[in-house]
2 protein chains.
Amino acid sequence: MSPRPRRDQQLTDLPVRILSAAWEQIAQAGAAALSLRAVARQLGITAPAIYNYYPDRDALVTALIVDAFHSFGDALQAAVDGLPAVQHARRLYALGMAYRQWAITYPERYQLIFGTPIAGYVAPQEITMPAAARALAILSETLANAHAAGLLKPMPTGSISPDLQAMFQVWAQARGEAPSEVLYLTLVIWAQVHGLAVLEIGGQFPPFISDPGALYERTLEMLVNQVLEVEA
Amino acid sequence: MSPRPRRDQQLTDLPVRILSAAWEQIAQAGAAALSLRAVARQLGITAPAIYNYYPDRDALVTALIVDAFHSFGDALQAAVDGLPAVQHARRLYALGMAYRQWAITYPERYQLIFGTPIAGYVAPQEITMPAAARALAILSETLANAHAAGLLKPMPTGSISPDLQAMFQVWAQARGEAPSEVLYLTLVIWAQVHGLAVLEIGGQFPPFISDPGALYERTLEMLVNQVLEVEA
DNA sequence: CGTTTTAATTATACGGTGTTTATTTATTTT
DNA sequence: AAAATAAATAAACACCGTATAATTAAAACG
């Protein structure tokens with residue numbers, strides 16, 4: 001019957017310590033193996049104590065997802081900001097490289113964000129959507145800047161079909177009036193990059209792919225060349 | 001203390017009934033929520049009885065994955081076989097369409113195969129790899145046929161870098177001597193299609209994407225046109 | 001046909017999980 | 001100093017996967 005510890009021997013910043021303990025466990029055993037009781041054990045507290053800070057396990061997972069999205073968005077933003085605003089192709093390339101780099105550095109976080117590793121958990125979209133939108137916005141803005149500079153190559157085979165046009169105009173009105181091609185390319189490039197990342201992380205590539213990084217770099221390079229004019 | 005039921009009131013084909021009960025549960029609540037005890041309840045038996053047919057839960061999951069891979073491969077093969085062997089572009093397009101169709105028809109199966117929804121489970125590669133290779137082989141062969149017919153467009157910007165060439169030659173020697181471009185395109189197309197499918201299934205598209213099918217179709221169409229010459 | 005062996009199923013139990021409730025106690029407020 | 005509040009715990013509940021031993025139907029054999 002241990003009493004409640006005195007404030008000065010008590011753990012401070014318990015909410016964030018819970019988060020980082022959870023990250024440790026996720027990094028070690030994957031997001032699917034996350035356990036409230038194990039987190040509590042690691043912190044030297046009991047499991048119900050966590051309920052003072054997170055109403056249930058799903059809330060903790062949501063906090064982790066928001067956390068991961070911030071880290072992800074920061075990494076992407078830093079990659080773009082690291083290059084002059086006028087070097088659109090290099091910016092796009094750097095963005096793609098940073099995408100994979102973050103994904104393979106924190107594969108569990110990436111799968112926590114984009115996969116469905118948690119048992120009964122469905123992410124509340126009103127919380128995760130804005131966080132996710134940031135990553136998309138960085139790509140979309142990079143392409144929009146290139147478009148404004150007249151560097152966007154015309155789409156190889158015809159333009160986008162009318163129904164897709166309509167779809168993207170709704171999107172454009174909600175965001176910064178980017179043209180349909182920019183929004184379309186945003187999604188397609190994202191899907192390509194995401195597909196490569198997710199296959200690599202999930203170990204789905206055939207074993208002959210000894211250097212996924214080279215495959216990724218080359219594909220990204222071609223993708224950039226296919227979309228943007230080469231700059232001086 | 002109910003005794004063991006007599007053979008004629010006993011469930012026959014218990015292994016496959018376990019599998020289909022598991023599929024029902026997965027379709028209902030997702031692969032992450034799969035529970036041996038719930039499967040047993042649904043079949044009117046006790047949980048340990050399952051252990052006569054599957055040594056542990058992971059073995060059951062592995063059987064489910066193999067099952068899903070067969071269904072997936074069959075769907076892809078049927079799509080390709082449904083068109084004359086000479087219509088390479090149409091075959092490639094049909095293959096891509098069948099890919100998404102299967103994925104959105106059985107999203108849980110797709111995520112069971114390509115995601116990591118199960119808690120401590122890691123798929124035994126010696127079992128899943130051959131099954132997965134089949135899907136890749138169908139795409140690879142479709143492209144190889146088009147290449148043999150001289151319909152493969154030259155890669156837009158230069159050729160594949162030497163290190164990638166070397167990587168794919170190892171692969172080519174293990175498979176049917178397909179050229180490097182074919183193998184490279186196999187992976188890139190796969191990643192693009194997989195990326196789109198996984199984003200759609202995971203609900204990661206921005207809400208403005210009201211018609212993901214149209215987006216997919218148009219992208220696949222452009223992908224085919226970008227890779228193959230138009231046929232007569 | 002009776003007996004023995006075998007195999008399938010159940011009952012029980014252990015340690016794990018998320019979560020709820022009531023209780024204790026340190027801190028804060030009055 | 002007393003009362004109120006908040007944070008932590010202890011205990012319990014209902015799940016889970018899984019191991020073990022007991023039970024019993026079916027099969028094999030003499």
# chains A, B, ... in the order shown; residues from 1 in each chain; ligands from 1
>>> residues_around(residues="B:Gly96", least_positions_apart="2", cutoff="10 Å", atoms="only C-alpha atoms (C1' of nucleotides)", output="ChimeraX atom specification")
/B:76,79-80,90-94,98-101,139,189-190,193-194,216-217,220-221,223-224
>>> select_by_dssp(residues="stretch 36-144 of chain B", states="alpha helix (DSSP H)", output="number ranges by chain")
B: 36-43, 57-81, 88-105, 107-114, 125-144
>>> closest_atom_pairs(of="chain C", to="chain B", cutoff="8 Å", atoms="only C-alpha atoms (C1' of nucleotides)", output="CSV")
residue,atom,partner,partner_atom,distance
C:DA8,C1',B:Asn52,CA,7.8
C:DT9,C1',B:Arg4,CA,5.5
C:DT10,C1',B:Thr46,CA,7.3
C:DA11,C1',B:Met1,CA,7.7
>>> write_last_selection(atoms="N, CA and C atoms (P, O5', C5', C4', C3', O3' and C1' of nucleotides)", output="mmCIF file, in the first residue's frame")
data_model
loop_
_atom_site.group_PDB
_atom_site.id
_atom_site.type_symbol
_atom_site.label_atom_id
_atom_site.label_comp_id
_atom_site.auth_asym_id
_atom_site.auth_seq_id
_atom_site.Cartn_x
_atom_site.Cartn_y
_atom_site.Cartn_z
ATOM 1 P P DA C 8 -6.941 -35.202 -34.600
ATOM 2 O "O5'" DA C 8 -8.284 -34.513 -34.065
ATOM 3 C "C5'" DA C 8 -9.497 -35.237 -34.140
ATOM 4 C "C4'" DA C 8 -10.436 -34.792 -33.040
ATOM 5 C "C3'" DA C 8 -10.519 -33.277 -32.858
ATOM 6 O "O3'" DA C 8 -11.887 -32.935 -32.707
ATOM 7 C "C1'" DA C 8 -10.017 -34.317 -30.796
ATOM 8 P P DT C 9 -12.390 -31.463 -33.012
ATOM 9 O "O5'" DT C 9 -12.781 -30.920 -31.583
ATOM 10 C "C5'" DT C 9 -13.794 -31.605 -30.846
ATOM 11 C "C4'" DT C 9 -13.625 -31.392 -29.362
ATOM 12 C "C3'" DT C 9 -13.519 -29.940 -28.903
ATOM 13 O "O3'" DT C 9 -14.807 -29.483 -28.536
ATOM 14 C "C1'" DT C 9 -12.176 -31.459 -27.614
ATOM 15 P P DT C 10 -14.980 -28.029 -27.857
ATOM 16 O "O5'" DT C 10 -14.805 -28.335 -26.313
ATOM 17 C "C5'" DT C 10 -15.519 -29.399 -25.708
ATOM 18 C "C4'" DT C 10 -15.054 -29.575 -24.272
ATOM 19 C "C3'" DT C 10 -15.096 -28.302 -23.441
ATOM 20 O "O3'" DT C 10 -15.841 -28.517 -22.257
ATOM 21 C "C1'" DT C 10 -12.955 -29.333 -23.282
ATOM 22 P P DA C 11 -16.303 -27.262 -21.377
ATOM 23 O "O5'" DA C 11 -15.328 -27.366 -20.106
ATOM 24 C "C5'" DA C 11 -15.074 -28.629 -19.531
ATOM 25 C "C4'" DA C 11 -13.982 -28.518 -18.471
ATOM 26 C "C3'" DA C 11 -14.012 -27.229 -17.646
ATOM 27 O "O3'" DA C 11 -13.796 -27.546 -16.283
ATOM 28 C "C1'" DA C 11 -11.895 -27.463 -18.692
#
>>> atom_distance(atom1="atom CA of B:Gly203", atom2="atom CA of A:Tyr110")
15.3 Å
>>> interface_residues(of="chain B", to="chain A", cutoff="6 Å", atoms="only C-alpha atoms", output="VMD selection string")
chain B and resid 32 to 33 116 to 117 119 171 191 to 192 194 to 196 208
>>> write_last_selection(atoms="N, CA, C and O atoms", output="compact mmCIF listing (two decimals), in the first residue's frame")
# COMPACT_ATOMS: atom_id res chain seq x y z
N ALA B 32 -6.55 -6.24 -37.54
CA ALA B 32 -5.92 -6.02 -36.24
C ALA B 32 -6.78 -6.58 -35.11
O ALA B 32 -6.27 -6.92 -34.05
N ALA B 33 -8.08 -6.68 -35.35
CA ALA B 33 -8.99 -7.12 -34.29
C ALA B 33 -9.25 -8.63 -34.34
O ALA B 33 -10.16 -9.12 -33.69
N THR B 116 1.05 -3.83 -41.82
CA THR B 116 1.52 -4.54 -40.62
C THR B 116 0.47 -4.41 -39.53
O THR B 116 0.72 -3.84 -38.47
N PRO B 117 -0.71 -4.96 -39.77
CA PRO B 117 -1.81 -4.73 -38.82
C PRO B 117 -1.79 -5.64 -37.62
O PRO B 117 -2.46 -5.37 -36.63
N ALA B 119 -0.36 -7.52 -34.28
CA ALA B 119 0.48 -7.06 -33.18
C ALA B 119 1.93 -7.50 -33.29
O ALA B 119 2.78 -6.73 -33.69
N TRP B 171 18.61 -9.79 -60.72
CA TRP B 171 17.21 -10.19 -60.75
C TRP B 171 16.87 -10.90 -62.06
O TRP B 171 16.21 -11.95 -62.09
N ALA B 191 4.96 0.58 -57.53
CA ALA B 191 4.97 1.54 -56.42
C ALA B 191 3.92 2.62 -56.63
O ALA B 191 3.22 3.01 -55.70
N GLN B 192 3.79 3.09 -57.87
CA GLN B 192 2.79 4.13 -58.15
C GLN B 192 1.39 3.63 -57.86
O GLN B 192 0.60 4.28 -57.17
N HIS B 194 0.48 0.96 -56.14
CA HIS B 194 0.36 0.62 -54.72
C HIS B 194 0.15 1.87 -53.87
O HIS B 194 -0.67 1.88 -52.95
N GLY B 195 0.90 2.91 -54.19
CA GLY B 195 0.76 4.14 -53.44
C GLY B 195 -0.65 4.70 -53.54
O GLY B 195 -1.26 5.06 -52.53
N LEU B 196 -1.19 4.75 -54.73
CA LEU B 196 -2.55 5.26 -54.90
C LEU B 196 -3.55 4.38 -54.16
O LEU B 196 -4.43 4.88 -53.45
N PHE B 208 -11.47 16.41 -50.58
CA PHE B 208 -11.95 16.95 -51.85
C PHE B 208 -11.91 15.91 -52.96
O PHE B 208 -12.58 16.06 -53.97
